[in-house]
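> So I've got this file, data-v4.pdb, and it contains PDB, C-alpha atoms:
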ATOM      1  CA  MET A   1      10.459  -8.813  48.256  1.00  0.00           C
ATOM      2  CA  ALA A   2       7.001  -7.329  47.647  1.00  0.00           C
ATOM      3  CA  SER A   3       8.428  -3.825  47.348  1.00  0.00           C
ATOM      4  CA  SER A   4      10.960  -4.922  44.720  1.00  0.00           C
ATOM      5  CA  ILE A   5       8.192  -6.593  42.661  1.00  0.00           C
ATOM      6  CA  LYS A   6       6.100  -3.421  42.953  1.00  0.00           C
ATOM      7  CA  PHE A   7       9.117  -1.358  41.871  1.00  0.00           C
ATOM      8  CA  LEU A   8       9.712  -3.629  38.844  1.00  0.00           C
ATOM      9  CA  CYS A   9       6.036  -3.407  37.866  1.00  0.00           C
ATOM     10  CA  ILE A  10       6.112   0.389  38.047  1.00  0.00           C
ATOM     11  CA  LEU A  11       9.381   0.497  36.115  1.00  0.00           C
ATOM     12  CA  GLY A  12       7.905  -1.809  33.442  1.00  0.00           C
ATOM     13  CA  LEU A  13       4.815   0.385  33.170  1.00  0.00           C
ATOM     14  CA  ILE A  14       6.982   3.482  32.712  1.00  0.00           C
ATOM     15  CA  PHE A  15       8.917   1.787  29.902  1.00  0.00           C
ATOM     16  CA  LEU A  16       5.687   0.610  28.265  1.00  0.00           C
ATOM     17  CA  VAL A  17       4.158   4.093  28.342  1.00  0.00           C
ATOM     18  CA  GLY A  18       7.426   5.578  27.050  1.00  0.00           C
ATOM     19  CA  ALA A  19       7.488   3.133  24.141  1.00  0.00           C
ATOM     20  CA  VAL A  20       3.896   3.960  23.178  1.00  0.00           C
ATOM     21  CA  VAL A  21       4.488   7.712  23.376  1.00  0.00           C
ATOM     22  CA  ASP A  22       7.786   7.402  21.506  1.00  0.00           C
ATOM     23  CA  GLY A  23       6.023   5.482  18.725  1.00  0.00           C
ATOM     24  CA  ALA A  24       3.623   8.361  18.066  1.00  0.00           C
ATOM     25  CA  GLY A  25       5.294  11.140  16.097  1.00  0.00           C
ATOM     26  CA  GLU A  26       3.904  14.063  14.125  1.00  0.00           C
ATOM     27  CA  CYS A  27       1.967  11.651  11.915  1.00  0.00           C
ATOM     28  CA  GLY A  28       1.042   9.081  14.527  1.00  0.00           C
ATOM     29  CA  ARG A  29       2.725   5.722  14.113  1.00  0.00           C
ATOM     30  CA  SER A  30       3.726   6.368  10.497  1.00  0.00           C
ATOM     31  CA  SER A  31       6.810   8.376   9.605  1.00  0.00           C
ATOM     32  CA  PRO A  32       6.521  11.611   7.615  1.00  0.00           C
ATOM     33  CA  ASP A  33       8.606   9.943   4.885  1.00  0.00           C
ATOM     34  CA  ASN A  34       6.070   7.098   4.573  1.00  0.00           C
ATOM     35  CA  GLU A  35       3.174   9.563   4.547  1.00  0.00           C
ATOM     36  CA  ALA A  36       4.927  11.653   1.878  1.00  0.00           C
ATOM     37  CA  MET A  37       4.540   8.744  -0.532  1.00  0.00           C
ATOM     38  CA  LYS A  38       0.750   9.260  -0.350  1.00  0.00           C
ATOM     39  CA  LEU A  39       1.206  12.750  -1.783  1.00  0.00           C
ATOM     40  CA  ALA A  40       2.581  11.535  -5.121  1.00  0.00           C
ATOM     41  CA  PRO A  41      -0.378  13.159  -6.962  1.00  0.00           C
ATOM     42  CA  CYS A  42       0.879  16.504  -5.627  1.00  0.00           C
ATOM     43  CA  ALA A  43       4.382  16.273  -7.116  1.00  0.00           C
ATOM     44  CA  GLY A  44       3.913  18.778  -9.940  1.00  0.00           C
ATOM     45  CA  ALA A  45       1.865  21.214  -7.851  1.00  0.00           C
ATOM     46  CA  ALA A  46       4.478  21.075  -5.075  1.00  0.00           C
ATOM     47  CA  GLN A  47       7.222  22.137  -7.478  1.00  0.00           C
ATOM     48  CA  ASP A  48       5.459  24.847  -9.483  1.00  0.00           C
ATOM     49  CA  ALA A  49       2.909  27.316  -8.081  1.00  0.00           C
ATOM     50  CA  ASN A  50       1.414  27.750 -11.569  1.00  0.00           C
ATOM     51  CA  THR A  51       0.592  24.058 -11.985  1.00  0.00           C
ATOM     52  CA  ALA A  52      -3.040  23.104 -11.377  1.00  0.00           C
ATOM     53  CA  VAL A  53      -3.542  20.984  -8.259  1.00  0.00           C
ATOM     54  CA  PRO A  54      -5.055  17.596  -9.186  1.00  0.00           C
ATOM     55  CA  GLY A  55      -8.186  16.449  -7.343  1.00  0.00           C
ATOM     56  CA  GLY A  56      -6.337  13.410  -5.967  1.00  0.00           C
ATOM     57  CA  CYS A  57      -3.786  15.732  -4.427  1.00  0.00           C
ATOM     58  CA  CYS A  58      -6.479  17.860  -2.775  1.00  0.00           C
ATOM     59  CA  THR A  59      -8.086  14.721  -1.359  1.00  0.00           C
ATOM     60  CA  GLN A  60      -4.820  13.664   0.293  1.00  0.00           C
ATOM     61  CA  ILE A  61      -3.915  17.169   1.469  1.00  0.00           C
ATOM     62  CA  LYS A  62      -7.339  17.545   3.062  1.00  0.00           C
ATOM     63  CA  ARG A  63      -6.601  14.517   5.248  1.00  0.00           C
ATOM     64  CA  PHE A  64      -3.309  16.006   6.376  1.00  0.00           C
ATOM     65  CA  SER A  65      -4.630  19.557   6.791  1.00  0.00           C
ATOM     66  CA  GLN A  66      -6.462  18.364   9.890  1.00  0.00           C
ATOM     67  CA  ASN A  67      -3.015  17.787  11.432  1.00  0.00           C
ATOM     68  CA  PRO A  68      -0.751  20.697  10.440  1.00  0.00           C
ATOM     69  CA  LYS A  69       2.195  19.226  12.389  1.00  0.00           C
ATOM     70  CA  CYS A  70       2.052  16.121  10.234  1.00  0.00           C
ATOM     71  CA  LEU A  71       1.563  18.093   7.005  1.00  0.00           C
ATOM     72  CA  CYS A  72       4.567  20.239   7.865  1.00  0.00           C
ATOM     73  CA  ALA A  73       6.714  17.205   8.709  1.00  0.00           C
ATOM     74  CA  ILE A  74       5.734  15.571   5.414  1.00  0.00           C
ATOM     75  CA  LEU A  75       6.530  18.641   3.313  1.00  0.00           C
ATOM     76  CA  LEU A  76       9.909  19.048   5.014  1.00  0.00           C
ATOM     77  CA  SER A  77      10.717  15.300   4.950  1.00  0.00           C
ATOM     78  CA  ASP A  78      13.701  13.759   3.195  1.00  0.00           C
ATOM     79  CA  THR A  79      11.319  12.036   0.773  1.00  0.00           C
ATOM     80  CA  ALA A  80       9.742  15.356  -0.201  1.00  0.00           C
ATOM     81  CA  LYS A  81      13.162  16.973  -0.646  1.00  0.00           C
ATOM     82  CA  ALA A  82      14.391  14.041  -2.759  1.00  0.00           C
ATOM     83  CA  SER A  83      11.263  14.384  -4.919  1.00  0.00           C
ATOM     84  CA  GLY A  84      12.085  18.005  -5.706  1.00  0.00           C
ATOM     85  CA  VAL A  85       9.303  19.491  -3.566  1.00  0.00           C
ATOM     86  CA  ASP A  86       9.664  23.210  -2.950  1.00  0.00           C
ATOM     87  CA  PRO A  87       8.306  23.596   0.611  1.00  0.00           C
ATOM     88  CA  GLU A  88       7.292  27.200   0.021  1.00  0.00           C
ATOM     89  CA  VAL A  89       5.246  26.201  -3.041  1.00  0.00           C
ATOM     90  CA  ALA A  90       3.931  22.995  -1.431  1.00  0.00           C
ATOM     91  CA  LEU A  91       2.549  24.931   1.529  1.00  0.00           C
ATOM     92  CA  THR A  92       0.300  26.854  -0.869  1.00  0.00           C
ATOM     93  CA  ILE A  93      -1.511  23.672  -1.941  1.00  0.00           C
ATOM     94  CA  PRO A  94      -4.241  23.792   0.767  1.00  0.00           C
ATOM     95  CA  LYS A  95      -5.071  27.340  -0.354  1.00  0.00           C
ATOM     96  CA  ARG A  96      -4.933  26.336  -4.043  1.00  0.00           C
ATOM     97  CA  CYS A  97      -7.364  23.491  -3.225  1.00  0.00           C
ATOM     98  CA  ASN A  98      -9.710  26.200  -1.861  1.00  0.00           C
ATOM     99  CA  PHE A  99      -9.905  24.705   1.641  1.00  0.00           C
ATOM    100  CA  ALA A 100     -11.669  27.201   3.858  1.00  0.00           C
ATOM    101  CA  ASN A 101     -10.684  25.261   6.967  1.00  0.00           C
ATOM    102  CA  ARG A 102      -6.943  25.220   6.344  1.00  0.00           C
ATOM    103  CA  PRO A 103      -4.361  26.013   9.052  1.00  0.00           C
ATOM    104  CA  VAL A 104      -3.651  29.606   7.925  1.00  0.00           C
ATOM    105  CA  GLY A 105      -0.621  31.135   9.609  1.00  0.00           C
ATOM    106  CA  TYR A 106       0.766  27.837  10.892  1.00  0.00           C
ATOM    107  CA  LYS A 107       4.556  28.022  11.159  1.00  0.00           C
ATOM    108  CA  CYS A 108       6.275  25.187   9.333  1.00  0.00           C
ATOM    109  CA  GLY A 109       9.981  25.527   9.919  1.00  0.00           C
ATOM    110  CA  PRO A 110      10.991  28.798   8.260  1.00  0.00           C
ATOM    111  CA  TYR A 111       7.720  28.869   6.263  1.00  0.00           C
ATOM    112  CA  THR A 112       4.167  29.968   7.098  1.00  0.00           C
ATOM    113  CA  LEU A 113       1.013  28.410   5.654  1.00  0.00           C
ATOM    114  CA  PRO A 114      -0.846  31.033   3.582  1.00  0.00           C
TER     115      PRO A 114
END
Could you express the structure from this file as structure tokens?

Amino acid sequence: MASSIKFLCILGLIFLVGAVVDGAGECGRSSPDNEAMKLAPCAGAAQDANTAVPGGCCTQIKRFSQNPKCLCAILLSDTAKASGVDPEVALTIPKRCNFANRPVGYKCGPYTLP
């Protein structure tokens, strides 16, 4: 009896840890599609490389630049695609914001951060 209770406790712990790990994706507990909504100020700059990047966009991108996996997931998300974001252009935004500490050379799907 004691061994079956111990087994159930261990099994429960494994499921609990699995649920916590499963809940943390590229952007933590939030989905890339939800995080993409925060980049609304970047819409024009993410579609046209000649458009000036607004300060509000740079502020948001700076937050995500600390986590290139999340930034990549956001820029390749369904929300970004539906918004007309050109991933190749969008990946130039950290450079266009003049961030010295940007993830240069990070592979984002078929694209590379400049």
> Which is closer to Pro110 (chain A) than all the others in A:Gly28, A:Gly44, A:Pro68, A:Pro87, using only C-alpha atoms?
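Result for the nearest residue to Pro110 (chain A): A:Pro87.
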> Could you list, as a ChimeraX atom specification, every residue within 9 Å of region 80-85 of chain A, counting only C-alpha atoms and ignoring same-chain residues fewer than 2 positions away?
/A:33,36-37,43-48,74-78,87-90
> One decimal, in Å: what's the spacing between CA of Thr92 (chain A) and CA of Ser30 (chain A)?
23.7 Å
> Identify, on the basis of only C-alpha atoms, every residue whose closest approach to Cys42 (chain A) does not exceed 10 Å; exclude the query and any residue fewer than 6 positions from it along the same chain; express the result as a count of residues only.
14
> Mind pulling up the distance from CA of Pro94 (chain A) to CA of Thr59 (chain A)?
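Atom-to-atom, CA of Thr59 (chain A) and CA of Pro94 (chain A) are spaced 10.1 Å apart.
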> Provide the CA of Thr79 (chain A) to CA of Val104 (chain A) distance in Å, to one decimal place.
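CA of Val104 (chain A) lies 24.2 Å from CA of Thr79 (chain A).
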> Given the file shown, determine the residues that the PyMOL selection byres ((chain A and resi 109) around 10) selects; report them as a PyMOL selection string.
chain A and resi 72-73+76+87+106-108+110-112
> Find, counting all atoms listed in the file, the residue in A:Glu26, A:Pro114, A:Lys62, A:Asn50 that gets nearest to Cys97 (chain A).
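Ranking A:Glu26, A:Pro114, A:Lys62, A:Asn50 by distance to Cys97 (chain A), first place goes to A:Lys62.
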> Which is closest to Gly25 (chain A) among A:Ala49, A:Leu39, A:Arg63, A:Lys69, if we use all atoms listed in the file?
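Under the stated criterion, the closest residue is A:Lys69.
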> Got a minute to add N, CA, C and O atoms to region 32-46 of chain A and dump it as a CSV table (one decimal), in the coordinates of the input?

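Generated file (part-v5.csv):
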chain,number,residue,atom,x,y,z
A,32,PRO,N,6.8,10.6,8.7
A,32,PRO,CA,6.5,11.6,7.6
A,32,PRO,C,7.0,11.2,6.2
A,32,PRO,O,6.3,11.4,5.2
A,33,ASP,N,8.1,10.4,6.2
A,33,ASP,CA,8.6,9.9,4.9
A,33,ASP,C,7.6,8.9,4.3
A,33,ASP,O,7.4,9.0,3.1
A,34,ASN,N,7.1,8.1,5.1
A,34,ASN,CA,6.1,7.1,4.6
A,34,ASN,C,4.8,7.8,4.1
A,34,ASN,O,4.2,7.5,3.1
A,35,GLU,N,4.4,8.8,4.9
A,35,GLU,CA,3.2,9.6,4.5
A,35,GLU,C,3.4,10.4,3.3
A,35,GLU,O,2.5,10.6,2.5
A,36,ALA,N,4.6,10.8,3.1
A,36,ALA,CA,4.9,11.7,1.9
A,36,ALA,C,4.7,10.9,0.6
A,36,ALA,O,4.3,11.5,-0.4
A,37,MET,N,4.8,9.6,0.6
A,37,MET,CA,4.5,8.7,-0.5
A,37,MET,C,3.1,8.9,-1.0
A,37,MET,O,2.8,8.7,-2.2
A,38,LYS,N,2.2,9.1,0.0
A,38,LYS,CA,0.8,9.3,-0.4
A,38,LYS,C,0.4,10.6,-1.1
A,38,LYS,O,-0.6,10.7,-1.6
A,39,LEU,N,1.4,11.5,-1.1
A,39,LEU,CA,1.2,12.8,-1.8
A,39,LEU,C,1.8,12.8,-3.2
A,39,LEU,O,2.0,13.9,-3.7
A,40,ALA,N,2.0,11.6,-3.8
A,40,ALA,CA,2.6,11.5,-5.1
A,40,ALA,C,1.7,12.3,-6.1
A,40,ALA,O,2.3,13.0,-7.0
A,41,PRO,N,0.4,12.4,-6.0
A,41,PRO,CA,-0.4,13.2,-7.0
A,41,PRO,C,-0.1,14.7,-6.9
A,41,PRO,O,-0.5,15.4,-7.8
A,42,CYS,N,0.6,15.1,-5.8
A,42,CYS,CA,0.9,16.5,-5.6
A,42,CYS,C,2.2,16.9,-6.2
A,42,CYS,O,2.6,18.1,-6.1
A,43,ALA,N,3.0,16.0,-6.7
A,43,ALA,CA,4.4,16.3,-7.1
A,43,ALA,C,4.5,17.5,-8.0
A,43,ALA,O,5.3,18.4,-7.7
A,44,GLY,N,3.8,17.6,-9.1
A,44,GLY,CA,3.9,18.8,-9.9
A,44,GLY,C,3.5,20.1,-9.3
A,44,GLY,O,4.2,21.1,-9.4
A,45,ALA,N,2.4,20.0,-8.5
A,45,ALA,CA,1.9,21.2,-7.9
A,45,ALA,C,2.8,21.7,-6.7
A,45,ALA,O,2.7,22.8,-6.3
A,46,ALA,N,3.6,20.7,-6.2
A,46,ALA,CA,4.5,21.1,-5.1
A,46,ALA,C,5.8,21.6,-5.6
A,46,ALA,O,6.6,22.1,-4.8
